[in-house]
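J.: Please read through the structure below; I'll follow up with questions.
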Amino acid sequence: MQHYAKFLFLLFAVAFAVQCNSVKNSPTKTHTSSLPKPNAHHEEDDDVYISVAKADRKTFFKDTPAELRWADSVYNQMTLKERIGQLFMVAAYSNKDSAHVNSLDRLIKNESIGGLIFFQGGPVRQAKLTNRFQKQSKIPLFIGIDAEWGLNMRLDSTYKYPWNMTLGAVKDYALLEEVGRQMALEAKRIGCHFNFVPVLDINTNPKNPIIGHRSFGEEKHNVTDHAVAVMKGVQSTGVFCTGKHFPGHGDTATDSHHALPQLLFDKERIERVELYPYKKMFDEGLVSVMVAHLNIPSLEHRDGWPTSVSHSVVTNLLQEDLGFEGLIFTDALNMKGASKFMAPGQLDLEAFLAGNDILLFPENVPLASENIATAYQNGLVSEDRLAHSVKKILRFKYKIGLQKPQIVEEKGISEAMFTPFKEALHYQIYENAITLVKNQDDILPIKDLRQKIAYVKLGDDQNSPFLQTLRKYTDVTEVVESHPDSLNVRLKAYDLVIVGFHKSDRAWRKHDFSETELQLLDKIAQSNKVILDGFVKPYALSAVPSYENIEAVVVSYQNSEIAQVVSAQVLFGAVEPKGKLPVTINAEFHEGHGFNFTPLNRLGFTAPENVGMSPKTLARIDQVAQKAIDGAMTPGMQVLVARRGKVIFHKAYGNQTYEAQTKIQASDLYDVASVTKIAATLPLVMQLYDQGKLRLDQTLGELLPETKGTNKEFITLKELLSHYARLQAWIPFYKATLDAEKCPLPQYYSLGQKPGFEIQVSENLYLKNEYKESMFTQILDSKLIDQKEYKYSDFTFIILQRIVEKLMGKPLDEAIQSQFYQSMGLSNSRFNPLHKFDASSIAPTEIDNYFRHTWIQGYVHDMAAAMMGGVAGHAGLFSNSLDMAKMMQLYLQRGNYGGIQYFSPETFTTFNTCHYCAEGNRRGLGFDKPQLGKEGPTCGCVSMQSFGHTGFTGTMVWADPESEIVYVFLSNRTFPDSNAPNKLSKENIREEIQKIIQEAILDR
């Protein structure tokens, strides 16, 4: 009778009835609902739990008659040597030479070993070797691997999951179960039957040299709950778990790989603390246990006797007192904690006599086998003792399907190691793990993006993902200076300093501060407002003498790319910190500690599956983008997709020009053309409307006295915003300022700035100041079209610019910066971008051979906007895809972004309404809307609640409240010739991508 969980019974009853010959498996989606969280534990409950008798525990899993018959039949046909061979699980490597492989061949053939534990190598190579060895073995082999954070702990070309201590900060147990499941599916895919997880050591010693981050933490309930969740995930796939390191390696200061650690606790303490997780794990269905090499006098009276070879520990305590009847492994017998104690061969015999079933990593199998055989023949090892372990091994081989040969499908292994779902899961883990342990004066999340922010890096590892993500929220300046005094002088110019401590994400590297770094941190904290973000094991932060002068402390646990991306989001409030410390850092930052805050609704970043989108479908955007580039429809482009407030797709394609000399970056700026209308002018109009300074029924005569007496006087604001005011589409103002050869006339232009000629239209060309007002006069004097119908016009937003500037008392570019862009973190959006950005970061728009006769890069393409000094209500804005997504997200959130209400939801609803749809006019107030018939700006597959705008240069921004999707497409399709046929539009590239986005939605 064995003590296993009910779910295992159901799992194996089905799995082993099928008896598949292949171990090929593919991951599926995560659970849609979280596991119920375990009940809170209390210290006073411990004695009650421990006193529960073995007989009172439910036995869920029974050996089936078929298993028993098979095990008995095989055992009876085996020779003594073959029976003894089943006890050995030998070390195997897929990165060693043929001599190693041949030695394993001999052990399989000559010693009939029962299993292999794989270490370094690669997944494909390991699968090939597994197939080789399984074909040679008379009885199929157990294949095990020690992969605590996935196969990447041992194998190259595999996915790396977070360390246990990182998982220990997570309180969503469904995520932990999924991590276990994914790790097991990978192990199963390459033919493994055991993963030696979870670690059940309670790491109560911060100086533990070998467990540390491998533990879920220092508190027994936390460790147990996390271990149970991981075990359930692993064993749900049919892969066996091995809890370790029994009876508990967490409170040691010695590495058992090098020496024998000693635990001087009494038995009551060990039972109360170290054994606690094992008791619950047994009841939950743990299949196997690994016994550590420890010296515990309270459990083994013989001086210096390792627990792994102690009958008192392995048989009396583990099997009899605790009632465990699963498989029992020794820890690796080559470890010095055991191998120094006794010679190979004799050590194996003692381990078997102690009660272990499987002897792991034996150093000399032939000698060990001979010693056990001699002991058997001399009566030291009884037939019952040998049969007990060997038949148990055989029964578990049957349970895992090894009554038949297993062949690993070698094709597709590399692809199975990396799937988009794993990235999605990884994001979720860090979104739940990152821990805020100090937040003085609620400095986090960072709310005011107007303040000057510096970043200082400590540590010796990479920091690019963190810094790049910080800069996606606002301007952040990296300050590099090794001398404390010089650094502080430079930091005086900043309001806030973010210090990132980045140490290697490789498991066995030290995460310690250097003395110089501690001094530097102290110096910075004394003079500045500081946020410290540690991408390190929590214990490393204990070295900081005082956190008194540090305003906020964030523990991000590891320096992985996703940890850095998520942590930056936490600082700016796009993600709420949910983690709780799994260990104590100091008296202030104790185990279980961690603050939360209400997140700000700023755009975040995650994997597509986390917001119900298919990464495979989204990947088709690459093909459409390449089609556009190959077809010379545009030299390059940026495409961004966000859903539910998370950017899930953000790519740059192609180059700035067709010469392919400068690749487009995701941060590069484009001339967004008419998108200016809803990204710059319209937000200000909506804000003024929200403040009661504008009404939809107001006429231009009321708003602009200069329109009185013109045919524009009685046009209402509602008609104007709806392109329903009978205005002409545009006037080519520039043509009247050119001679017959299309060269600028000297009465209008100066080749260089001088008094009276101060409107810059290109690098060296300046327009006469008075002409700007003349352009507006021409608009007022223009005829109205005869019929009242929808007619798109640039005049609409040129007129709106004048209204906005009059009411706000400042130019349009200054108004939009102060009212929206600065506080929203649109750091890459501005008119006349060359005032801030280098031309190399701006995609050129065209080679102008009809007006300015120059290369247009950083100057607005639109001729009227250029003649207005680059600042116009209808065009002139330069931006990138992320900034435009922020503006569209503001609209999607009905006027709220970053915790600021810029205008009311009611105002947004009014402006996003099609007021003249009945008359065939699809437009909202300023916004473009989906087509009412066949022709229009969208793919025809978005909701009528959606809205956005397109631009002449090949741009499009669109948002849909129903699907919660923001889509941004920016390009310079006008380069080099803006008068060339618009192939981008003719081929419906923007619309085709929008259709793919809609098809990628998984949860309609």
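Identifiers in this document derive from the order of the structure tokens: chains are assigned A, B, ..., residues are numbered from 1 separately in each chain, and ligands are numbered from 1 in order of occurrence.
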Do you know which residues are at most 10 Å from Arg132 in chain A counting only C-alpha atoms, after dropping those on the same chain fewer than 5 positions away, and could you put them as a ChimeraX atom specification?

T.: /A:101,105,126-127,137,407

J.: For C-alpha atoms, I'd like the residues from the last selection saved as a PDB file, in the first residue's frame.

T.:
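Dumped to out-v7.pdb:
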ATOM      1  CA  VAL A 101      29.277   6.328 -24.526  1.00  0.00           C
ATOM      2  CA  ASP A 105      27.087   0.503 -23.404  1.00  0.00           C
ATOM      3  CA  GLN A 126      20.512  13.250 -25.249  1.00  0.00           C
ATOM      4  CA  ALA A 127      17.459  11.886 -27.059  1.00  0.00           C
ATOM      5  CA  SER A 137      18.806  -2.673 -22.465  1.00  0.00           C
ATOM      6  CA  ILE A 407      11.634   5.282 -28.443  1.00  0.00           C
TER       7      ILE A 407
END

J.: Excluding range 225-233 of chain A and residues on its chain fewer than 6 positions from it, collect all residues at most 6 Å away from it, counting only C-alpha atoms, and give them as number ranges by chain.

T.: A: 173, 176-178, 180-181, 198

J.: Can you tell me, as an NGL selection string, which residues in range 596-814 of chain A count as strand (DSSP E or B) by DSSP?

T.: :A and (604-605 or 613 or 636-643 or 646-655 or 663 or 669-671 or 699 or 716 or 738 or 744 or 749-750 or 754 or 757 or 759-760 or 766-767)

J.: Only C-alpha atoms, please: the residues just picked out, written as a PDB file, in the first residue's frame.

T.:
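This went into out_19.pdb:
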ATOM      1  CA  GLY A 604       2.712  47.629 -20.336  1.00  0.00           C
ATOM      2  CA  PHE A 605       4.473  44.848 -22.192  1.00  0.00           C
ATOM      3  CA  MET A 613      -3.755  36.657 -28.779  1.00  0.00           C
ATOM      4  CA  GLY A 636      10.552  50.394 -43.916  1.00  0.00           C
ATOM      5  CA  MET A 637       7.919  50.553 -41.239  1.00  0.00           C
ATOM      6  CA  GLN A 638       7.017  50.127 -37.596  1.00  0.00           C
ATOM      7  CA  VAL A 639       4.107  47.940 -36.501  1.00  0.00           C
ATOM      8  CA  LEU A 640       2.732  47.872 -32.959  1.00  0.00           C
ATOM      9  CA  VAL A 641      -0.147  45.894 -31.507  1.00  0.00           C
ATOM     10  CA  ALA A 642      -1.430  46.276 -27.962  1.00  0.00           C
ATOM     11  CA  ARG A 643      -4.333  44.642 -26.246  1.00  0.00           C
ATOM     12  CA  LYS A 646      -0.252  45.551 -22.997  1.00  0.00           C
ATOM     13  CA  VAL A 647       2.031  45.885 -25.999  1.00  0.00           C
ATOM     14  CA  ILE A 648       2.328  42.387 -27.445  1.00  0.00           C
ATOM     15  CA  PHE A 649       3.843  43.022 -30.862  1.00  0.00           C
ATOM     16  CA  HIS A 650       6.316  45.797 -31.617  1.00  0.00           C
ATOM     17  CA  LYS A 651       8.619  45.477 -34.588  1.00  0.00           C
ATOM     18  CA  ALA A 652      10.599  47.587 -36.992  1.00  0.00           C
ATOM     19  CA  TYR A 653      11.063  46.417 -40.566  1.00  0.00           C
ATOM     20  CA  GLY A 654      13.295  47.436 -43.407  1.00  0.00           C
ATOM     21  CA  ASN A 655      15.395  50.552 -43.677  1.00  0.00           C
ATOM     22  CA  LYS A 663      17.895  49.906 -40.504  1.00  0.00           C
ATOM     23  CA  LEU A 669      10.565  58.844 -35.611  1.00  0.00           C
ATOM     24  CA  TYR A 670       8.257  59.169 -38.587  1.00  0.00           C
ATOM     25  CA  ASP A 671       6.344  62.091 -40.038  1.00  0.00           C
ATOM     26  CA  THR A 699     -20.142  78.780 -34.785  1.00  0.00           C
ATOM     27  CA  THR A 716     -20.615  74.915 -36.265  1.00  0.00           C
ATOM     28  CA  LEU A 738       7.466  79.540 -56.924  1.00  0.00           C
ATOM     29  CA  PRO A 744      11.281  79.701 -54.563  1.00  0.00           C
ATOM     30  CA  TYR A 749      11.979  83.173 -49.346  1.00  0.00           C
ATOM     31  CA  SER A 750      15.459  83.683 -48.004  1.00  0.00           C
ATOM     32  CA  LYS A 754      17.060  86.927 -41.449  1.00  0.00           C
ATOM     33  CA  PHE A 757      12.112  85.641 -42.974  1.00  0.00           C
ATOM     34  CA  ILE A 759       9.613  80.560 -40.892  1.00  0.00           C
ATOM     35  CA  GLN A 760      11.876  77.606 -41.612  1.00  0.00           C
ATOM     36  CA  TYR A 766      13.021  80.473 -44.739  1.00  0.00           C
ATOM     37  CA  LEU A 767       9.589  81.861 -45.616  1.00  0.00           C
TER      38      LEU A 767
END

J.: Just the helix (DSSP H, G or I) stuff from range 44-183 of chain A, please, per backbone DSSP, written as a ChimeraX atom specification.

T.: /A:44-50,54-56,65-77,80-85,98-111,123-136,151-153,164-167,173-183

J.: What's around Val480 in chain A at 8 Å? Count only C-alpha atoms, leave out sequence neighbours fewer than 5 positions away in its own chain, and write the answer as a PyMOL selection string.

T.: chain A and resi 456-457+487

J.: For the selection you just gave me, I'd like the residues written to a file as an mmCIF file, in the first residue's frame, keeping N, CA and C atoms.

T.:
data_model
loop_
_atom_site.group_PDB
_atom_site.id
_atom_site.type_symbol
_atom_site.label_atom_id
_atom_site.label_comp_id
_atom_site.auth_asym_id
_atom_site.auth_seq_id
_atom_site.Cartn_x
_atom_site.Cartn_y
_atom_site.Cartn_z
ATOM 1 N N VAL A 456 21.509 54.730 -12.696
ATOM 2 C CA VAL A 456 22.892 54.348 -12.395
ATOM 3 C C VAL A 456 22.945 52.834 -12.263
ATOM 4 N N LYS A 457 23.876 52.233 -12.970
ATOM 5 C CA LYS A 457 24.015 50.781 -12.935
ATOM 6 C C LYS A 457 25.099 50.372 -11.944
ATOM 7 N N LEU A 487 30.196 61.419 -9.486
ATOM 8 C CA LEU A 487 28.853 60.924 -9.791
ATOM 9 C C LEU A 487 27.806 61.803 -9.140
#

J.: Show me, as a VMD selection string, the residues that have an atom within 8 Å of range 291-299 of chain A when counting only C-alpha atoms, minus same-chain residues fewer than 4 positions from it.

T.: chain A and resid 244 to 249 256 260 to 267 303 to 308 312 to 314 328 to 331 337 to 338

J.: Calculate how many Å separate CA of Met165 in chain A from CA of Ser215 in chain A, rounding to one decimal.

T.: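 Atom-to-atom, CA of Met165 in chain A and CA of Ser215 in chain A are spaced 5.5 Å apart.
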
J.: Could you give me, as a Markdown table, every range 428-479 of chain A residue with an atom at most 7 Å from range 801-824 of chain A, plus its closest atom pair and distance in Å to one decimal, counting only C-alpha atoms, rows ordered by chain then number?

T.:
| residue | atom | partner | partner_atom | distance |
| --- | --- | --- | --- | --- |
| A:Asp448 | CA | A:Ser823 | CA | 6.6 |
| A:Leu449 | CA | A:Ser823 | CA | 5.2 |
| A:Arg450 | CA | A:Gln822 | CA | 5.8 |

J.: Filtering to N, CA and C atoms, could you give me those residues as a PDB file, in the first residue's frame?

T.:
ATOM      1  N   ASP A 448       4.911  61.287 -11.651  1.00  0.00           N
ATOM      2  CA  ASP A 448       5.217  62.526 -12.364  1.00  0.00           C
ATOM      3  C   ASP A 448       6.320  62.274 -13.392  1.00  0.00           C
ATOM      4  N   LEU A 449       5.952  62.265 -14.646  1.00  0.00           N
ATOM      5  CA  LEU A 449       6.930  62.031 -15.708  1.00  0.00           C
ATOM      6  C   LEU A 449       7.605  63.314 -16.163  1.00  0.00           C
ATOM      7  N   ARG A 450       7.248  64.426 -15.527  1.00  0.00           N
ATOM      8  CA  ARG A 450       7.916  65.683 -15.865  1.00  0.00           C
ATOM      9  C   ARG A 450       9.265  65.800 -15.157  1.00  0.00           C
TER      10      ARG A 450
END

J.: Can you measure CA of Val611 in chain A to CA of Ile413 in chain A for me? One decimal in Å is fine.

T.: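 Distance reported for this atom pair: 27.4 Å.
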
J.: Near Thr166 in chain A, counting only C-alpha atoms, which residues have an atom at most 12 Å away, once you skip same-chain residues fewer than 3 positions from it, shown as an MDAnalysis selection string?

T.: chainID A and resid 149 161:163 169:171 176 212:217 223 226 426 429:435 505 507 535:538 555:560 563 579:583

J.: Produce a file of the selected residues containing N, CA and C atoms, as a compact mmCIF listing (two decimals), in the first residue's frame.

T.:
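Okay, this is what ended up in again.txt:
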# COMPACT_ATOMS: atom_id res chain seq x y z
N TRP A 149 15.35 24.11 -12.56
CA TRP A 149 14.73 25.22 -13.26
C TRP A 149 14.63 24.90 -14.76
N TYR A 161 13.75 28.36 -16.88
CA TYR A 161 12.69 28.86 -16.01
C TYR A 161 13.31 29.56 -14.80
N PRO A 162 12.53 30.35 -14.09
CA PRO A 162 13.08 31.02 -12.91
C PRO A 162 13.50 30.03 -11.83
N TRP A 163 14.43 30.49 -10.99
CA TRP A 163 14.88 29.68 -9.87
C TRP A 163 13.75 29.51 -8.84
N ALA A 169 8.45 33.64 -4.28
CA ALA A 169 7.80 34.94 -4.04
C ALA A 169 6.40 35.00 -4.64
N VAL A 170 6.06 34.00 -5.46
CA VAL A 170 4.79 33.99 -6.19
C VAL A 170 3.70 33.36 -5.32
N LYS A 171 2.53 33.98 -5.31
CA LYS A 171 1.42 33.45 -4.51
C LYS A 171 0.29 32.87 -5.36
N LEU A 176 2.65 28.18 -10.58
CA LEU A 176 3.71 27.24 -10.19
C LEU A 176 3.43 25.85 -10.72
N GLY A 212 20.35 27.68 -1.02
CA GLY A 212 20.11 29.08 -1.36
C GLY A 212 18.95 29.28 -2.31
N HIS A 213 19.25 29.80 -3.51
CA HIS A 213 18.20 30.11 -4.49
C HIS A 213 17.49 28.87 -5.02
N ARG A 214 18.02 27.68 -4.70
CA ARG A 214 17.36 26.44 -5.12
C ARG A 214 16.15 26.13 -4.24
N SER A 215 16.06 26.80 -3.11
CA SER A 215 14.95 26.60 -2.18
C SER A 215 13.82 27.59 -2.49
N PHE A 216 12.60 27.21 -2.12
CA PHE A 216 11.47 28.11 -2.26
C PHE A 216 11.47 29.17 -1.16
N GLY A 217 12.30 28.99 -0.13
CA GLY A 217 12.34 30.01 0.91
C GLY A 217 12.71 29.45 2.26
N VAL A 223 7.35 26.96 1.62
CA VAL A 223 8.08 25.95 0.86
C VAL A 223 7.15 24.80 0.48
N HIS A 226 4.46 25.72 -2.22
CA HIS A 226 5.06 25.88 -3.55
C HIS A 226 5.49 24.54 -4.11
N HIS A 426 6.49 32.95 -18.46
CA HIS A 426 7.62 33.63 -17.81
C HIS A 426 7.23 35.05 -17.41
N ILE A 429 5.06 34.86 -14.35
CA ILE A 429 5.82 34.56 -13.14
C ILE A 429 6.41 35.84 -12.55
N TYR A 430 7.09 36.63 -13.38
CA TYR A 430 7.71 37.84 -12.85
C TYR A 430 6.68 38.90 -12.47
N GLU A 431 5.56 38.94 -13.17
CA GLU A 431 4.51 39.87 -12.78
C GLU A 431 3.98 39.54 -11.39
N ASN A 432 4.14 38.30 -10.97
CA ASN A 432 3.68 37.87 -9.64
C ASN A 432 4.81 37.73 -8.63
N ALA A 433 6.06 37.79 -9.08
CA ALA A 433 7.19 37.57 -8.17
C ALA A 433 7.84 38.86 -7.69
N ILE A 434 7.98 39.84 -8.54
CA ILE A 434 8.72 41.05 -8.18
C ILE A 434 8.10 41.67 -6.93
N THR A 435 8.97 42.01 -6.00
CA THR A 435 8.54 42.36 -4.65
C THR A 435 8.99 43.77 -4.27
N ASP A 505 22.80 36.09 -14.18
CA ASP A 505 21.66 35.20 -14.02
C ASP A 505 22.08 33.74 -14.03
N ALA A 507 23.33 30.50 -12.29
CA ALA A 507 22.91 30.08 -10.96
C ALA A 507 24.02 30.11 -9.91
N PHE A 535 18.40 43.06 -9.08
CA PHE A 535 18.21 41.88 -9.93
C PHE A 535 19.17 40.79 -9.45
N VAL A 536 18.96 40.39 -8.20
CA VAL A 536 19.88 39.50 -7.51
C VAL A 536 19.11 38.61 -6.54
N LYS A 537 19.82 37.60 -6.03
CA LYS A 537 19.24 36.79 -4.97
C LYS A 537 18.98 37.70 -3.77
N PRO A 538 17.86 37.55 -3.10
CA PRO A 538 17.51 38.47 -2.01
C PRO A 538 18.59 38.61 -0.95
N VAL A 555 12.82 44.09 -5.15
CA VAL A 555 13.57 42.84 -5.34
C VAL A 555 13.04 42.16 -6.60
N SER A 556 13.91 42.04 -7.60
CA SER A 556 13.52 41.43 -8.88
C SER A 556 14.13 40.05 -9.08
N TYR A 557 14.96 39.60 -8.14
CA TYR A 557 15.42 38.21 -8.00
C TYR A 557 16.45 37.76 -9.02
N GLN A 558 16.23 37.97 -10.28
CA GLN A 558 17.16 37.49 -11.30
C GLN A 558 17.34 38.55 -12.38
N ASN A 559 18.45 38.45 -13.09
CA ASN A 559 18.77 39.46 -14.10
C ASN A 559 18.41 38.98 -15.50
N SER A 560 17.35 38.22 -15.61
CA SER A 560 16.91 37.77 -16.94
C SER A 560 16.29 38.94 -17.69
N ALA A 563 12.68 39.55 -16.52
CA ALA A 563 12.67 40.17 -15.19
C ALA A 563 12.92 41.66 -15.30
N GLY A 579 4.64 40.17 -5.39
CA GLY A 579 5.46 39.19 -4.71
C GLY A 579 5.62 39.45 -3.23
N LYS A 580 5.95 38.36 -2.50
CA LYS A 580 6.26 38.43 -1.07
C LYS A 580 7.62 37.77 -0.86
N LEU A 581 8.44 38.37 -0.03
CA LEU A 581 9.79 37.85 0.18
C LEU A 581 9.76 36.41 0.67
N PRO A 582 10.47 35.51 0.01
CA PRO A 582 10.53 34.12 0.47
C PRO A 582 11.56 33.92 1.58
N VAL A 583 12.46 34.91 1.76
CA VAL A 583 13.47 34.84 2.81
C VAL A 583 13.62 36.22 3.43

J.: Rounded to one decimal, what separation in Å do you get between CA of Asp690 in chain A and CA of Gly869 in chain A?

T.: 29.1 Å

J.: Extract, using only C-alpha atoms, all DNA, RNA and protein residues at most 10 Å from Ala343 in chain A, discarding same-chain residues fewer than 3 positions from it, and format them as an MDAnalysis selection string.

T.: chainID A and resid 338:340 346:348 363:364 368

J.: Keeping only N, CA and C atoms, write the selected residues to a file as a PDB file, in the first residue's frame.

T.:
ATOM      1  N   ALA A 338      29.716  11.887   0.841  1.00  0.00           N
ATOM      2  CA  ALA A 338      29.564  10.442   1.020  1.00  0.00           C
ATOM      3  C   ALA A 338      30.822   9.696   0.616  1.00  0.00           C
ATOM      4  N   SER A 339      31.425  10.091  -0.515  1.00  0.00           N
ATOM      5  CA  SER A 339      32.562   9.319  -1.032  1.00  0.00           C
ATOM      6  C   SER A 339      33.788   9.412  -0.142  1.00  0.00           C
ATOM      7  N   LYS A 340      33.923  10.477   0.652  1.00  0.00           N
ATOM      8  CA  LYS A 340      35.038  10.561   1.607  1.00  0.00           C
ATOM      9  C   LYS A 340      34.811   9.619   2.786  1.00  0.00           C
ATOM     10  N   GLN A 346      31.792  -0.341  -1.461  1.00  0.00           N
ATOM     11  CA  GLN A 346      31.338  -0.509  -0.095  1.00  0.00           C
ATOM     12  C   GLN A 346      30.265   0.522   0.259  1.00  0.00           C
ATOM     13  N   LEU A 347      30.471   1.764  -0.246  1.00  0.00           N
ATOM     14  CA  LEU A 347      29.491   2.830  -0.028  1.00  0.00           C
ATOM     15  C   LEU A 347      28.140   2.435  -0.611  1.00  0.00           C
ATOM     16  N   ASP A 348      28.121   1.874  -1.779  1.00  0.00           N
ATOM     17  CA  ASP A 348      26.879   1.468  -2.432  1.00  0.00           C
ATOM     18  C   ASP A 348      26.165   0.390  -1.604  1.00  0.00           C
ATOM     19  N   GLU A 363      30.132   5.276  -8.494  1.00  0.00           N
ATOM     20  CA  GLU A 363      31.420   5.500  -9.138  1.00  0.00           C
ATOM     21  C   GLU A 363      32.003   4.215  -9.737  1.00  0.00           C
ATOM     22  N   ASN A 364      31.615   3.063  -9.198  1.00  0.00           N
ATOM     23  CA  ASN A 364      32.167   1.807  -9.707  1.00  0.00           C
ATOM     24  C   ASN A 364      31.065   0.751  -9.639  1.00  0.00           C
ATOM     25  N   ALA A 368      30.515  -2.370  -7.013  1.00  0.00           N
ATOM     26  CA  ALA A 368      29.350  -2.264  -6.139  1.00  0.00           C
ATOM     27  C   ALA A 368      28.434  -3.464  -6.325  1.00  0.00           C
TER      28      ALA A 368
END

J.: With distances taken over only C-alpha atoms, which residue among A:Asn439, A:Thr676, A:Gln136, A:Asn610 lies nearest Phe589 in chain A?

T.: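 Of the candidates, the smallest distance to Phe589 in chain A is held by A:Asn439.
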
J.: Just want the 6 Å neighbourhood of range 422-424 of chain A, counted on only C-alpha atoms, with same-chain residues fewer than 3 positions away dropped. Output as a ChimeraX atom specification.

T.: /A:419,427,607,610

J.: Return the single residue from A:Ile202, A:Val565, A:Leu704, A:Ala843 that is closest to Gln661 in chain A, with distances computed using only C-alpha atoms.

T.: A:Ala843
